[in-house]
Amino acid sequence: MSSADSVTGRASPPATAAPAPRRLGLALLVIATAQLMVVLDATIVNVALPHIQTALGFSGTGLEWVVNAYALTFGGLLLLGGRAGDILGRRRVFIAGVILFSAASLLGGFATTQAWLLGARALQGVGGAIVAPAALSLVSTTFPEGPPRNRAMGVYAAMSVGGASAGLLAGGLLTTYLSWRWVLFVNVPIGIAVALAAPAVLGKSARHPGRFDLPGAITGTLGLAALVYGLSSAATSPNGVSHWGDTKVIASLAAAVVLLASFAVIEARSRHALMPLRILRNRDRSGAYLIMLCVGTAMFGMFFFLTVFVQNVWGYSALKTGVAYLPMMAVVMAMAGLGAQLVPRIGARPLLIAGSAIGAGGLFWLSRIGEHSSYASGLLGPSLVAGAGLGMLFMPLTLVALSRVPERDAGLASSLLNTGQQVGGALGLAVLGTVAWTAVADSVRSQLTAAAARAGHPPAGGGSGQIPAVIYHHALATGFSRGFLVSAGIALLGLVVALVAIRVRRSDLTGAQVPGASLPAAEDAVPAGTSQPAA
């Protein structure tokens with residue numbers, strides 16, 4: 001009987017119930033591999049961006065959409081993907097998502113035009129939106145709450161966090177020794193192996209009748225896309241022209257307001273809402289989602305701009321860029337594992353506070369980077385500190401978000417956590433990009449003006465191709481430094497949320513029975529004071 005059904009006294013249909021798989025180790029391997037593939041793809045493309053730009057002729061701002069096309073469909077459709085797992089069965093949906101993701105990767109690897117590649121990246125995001133919530137909810141429903149689930153979540157968190165860093169290294173290796181196309185092709189054999197192994201090692205999950213909230217999915221995803229497009233298009237160009245007053249920027253932001261407001265109205269009135277408000281009534285869970293939003297914002301911006309900086313300013317190759325991230329990757333993995341050990345001993349709140357503070361400190365240190373900085377002080381030291389903080393956060397955030405969630409809402413709860421990371425990443429890349437590129441343009445303009453004053457003639461205009469390298473490199477350092485500083489501020493916002501909102505107890509994360517802790521469906525509300533069995 002599912003957690004929700006144990007509250008209401010209704011029996012689960014025997015046709016959809018199945019015992020948990022006995023080969024838990026193999027089940028975790030399949031789930032973690034799929035999660036690694038999905039998360040890795042969010043960053044593996046970053047290192048190959050200059051090669052993709054050369055091959056397909058992307059502009060500087062257009063290049064961001066190779067990342068955002070994936071992040072937006074991923075983040076925007078995660079809620080629908082999570083609900084699909086609840087309604088259709090998580091194992092079935094998990095396998096379908098893996099197949100779609102692999103097919104989209106194969107399609108993208110053969111891309112010969114910008115539109116072809118962006119379309120394939122968007123389709124990859126759809127597959128990722130199906131796989132990610134199904135994978136996380138399979139962990140929460142396959143492993144019993146307490147130490148077994150905590151250990152499984154530790155592996156899952158390590159894959160989730162380490163996958164972002166591993167993607168940078170893998171992207172460097174594949175781009176250097178094969179081609180940029182292999183950062184997409186590599187997903188195909190992995191996906192095939194996971195899809196073939198999943199039926200043998202994953203048990204069937206219960207199916208809960210319901211309907212899909214397509215209007216909510218459409219308005220929410222399009223609203224986020226319009227918001228990101230408007231923000232990313234508003235950045236000041238290198239010749240000093242501000243685009244905040246452009247028609248496309250105003251129209252995009254206005255459309256975003258209308259679409260997101262429509263999404264809110266639809267969710268408030270729909271009986272089959274994509275994001276029912278009951279899931280947000282738990283203070284700790286809502287706090288975890290907000291912190292993950294901040295983490296996604298800071299992390300995506302850090303990887304994107306740092307990768308562009310070291311290749312364009314320091315002259316790193318794709319492979320050297322990937323290798324430069326190895327120490328950070330090791331720290332992230334180690335801290336994710338340490339978090340799994342510490343949560344049962346000290347609880348989630350101390351780790352969330354410490355991780356947010358350490359991450360903010362590392363990002364602030366990173367904002368001191370310059371064109372003449374050394375690897376040790378400019379990249380290695382700050383990335384180790386930032387990686388330690390970020391790695392410390394993912395495990396407790398995952399446990400807090402899924403603590404005491406009834407089995408029927410496990411897909412929704414897990415998809416909201418992933419949504420926070422992906423939407424935060426897409427919005428963060430747009431906002432930080434606007435801040436960074438505007439600062440770059442201001443720096444270029446001021447340097448050209450100063451140089452012209454010294455030479456006694458008017459400053460030259462034009463884009464980055466007409467700007468002396470020494471001026472443009474200094475401008476990139478100035479602009480990206482400003483972006484990292486804003487990232488540090490966003491990490492501090494996560495610290496404030498952890499201090500104010502998170503009150504979860506250790507017993508809530510170790511399988512203890514807590515009165516009224518679960519979130520039953522609206523139509524199955526539990527009377528006040530009713531004790532809810534552990535999920």
# chains A, B, ... in the order shown; residues from 1 in each chain; ligands from 1
call {"tool": "closest_atom_pairs", "arguments": {"of": "segment 327-366 of chain A", "to": "segment 169-186 of chain A", "cutoff": "12 Å", "atoms": "only C-alpha atoms", "output": "Markdown table"}}
result
| residue | atom | partner | partner_atom | distance |
| --- | --- | --- | --- | --- |
| A:Pro327 | CA | A:Leu169 | CA | 11.0 |
| A:Met328 | CA | A:Leu169 | CA | 11.1 |
| A:Met329 | CA | A:Leu169 | CA | 9.3 |
| A:Ala330 | CA | A:Leu169 | CA | 11.9 |
call {"tool": "closest_atom_pairs", "arguments": {"of": "segment 369-447 of chain A", "to": "segment 23-44 of chain A", "cutoff": "12 Å", "atoms": "only C-alpha atoms", "output": "CSV"}}
result
residue,atom,partner,partner_atom,distance
A:Asn418,CA,A:Val39,CA,10.2
A:Gln421,CA,A:Val39,CA,10.6
A:Gln422,CA,A:Ala42,CA,9.1
A:Gly425,CA,A:Ala42,CA,9.8
A:Ala426,CA,A:Ala42,CA,10.7
call {"tool": "atom_distance", "arguments": {"atom1": "atom CA of Gln341 of chain A", "atom2": "atom CA of Leu495 of chain A"}}
result
21.5 Å
call {"tool": "select_by_dssp", "arguments": {"residues": "segment 125-309 of chain A", "states": "alpha helix (DSSP H)", "output": "PyMOL selection string"}}
result
chain A and resi 125-142+147-177+182-185+187-201+214-233+247-269+283-309
call {"tool": "closest_residue", "arguments": {"among": "A:Ala225, A:Ile99, A:Leu390, A:Leu384", "to": "Val194 of chain A", "atoms": "only C-alpha atoms"}}
result
A:Ile99
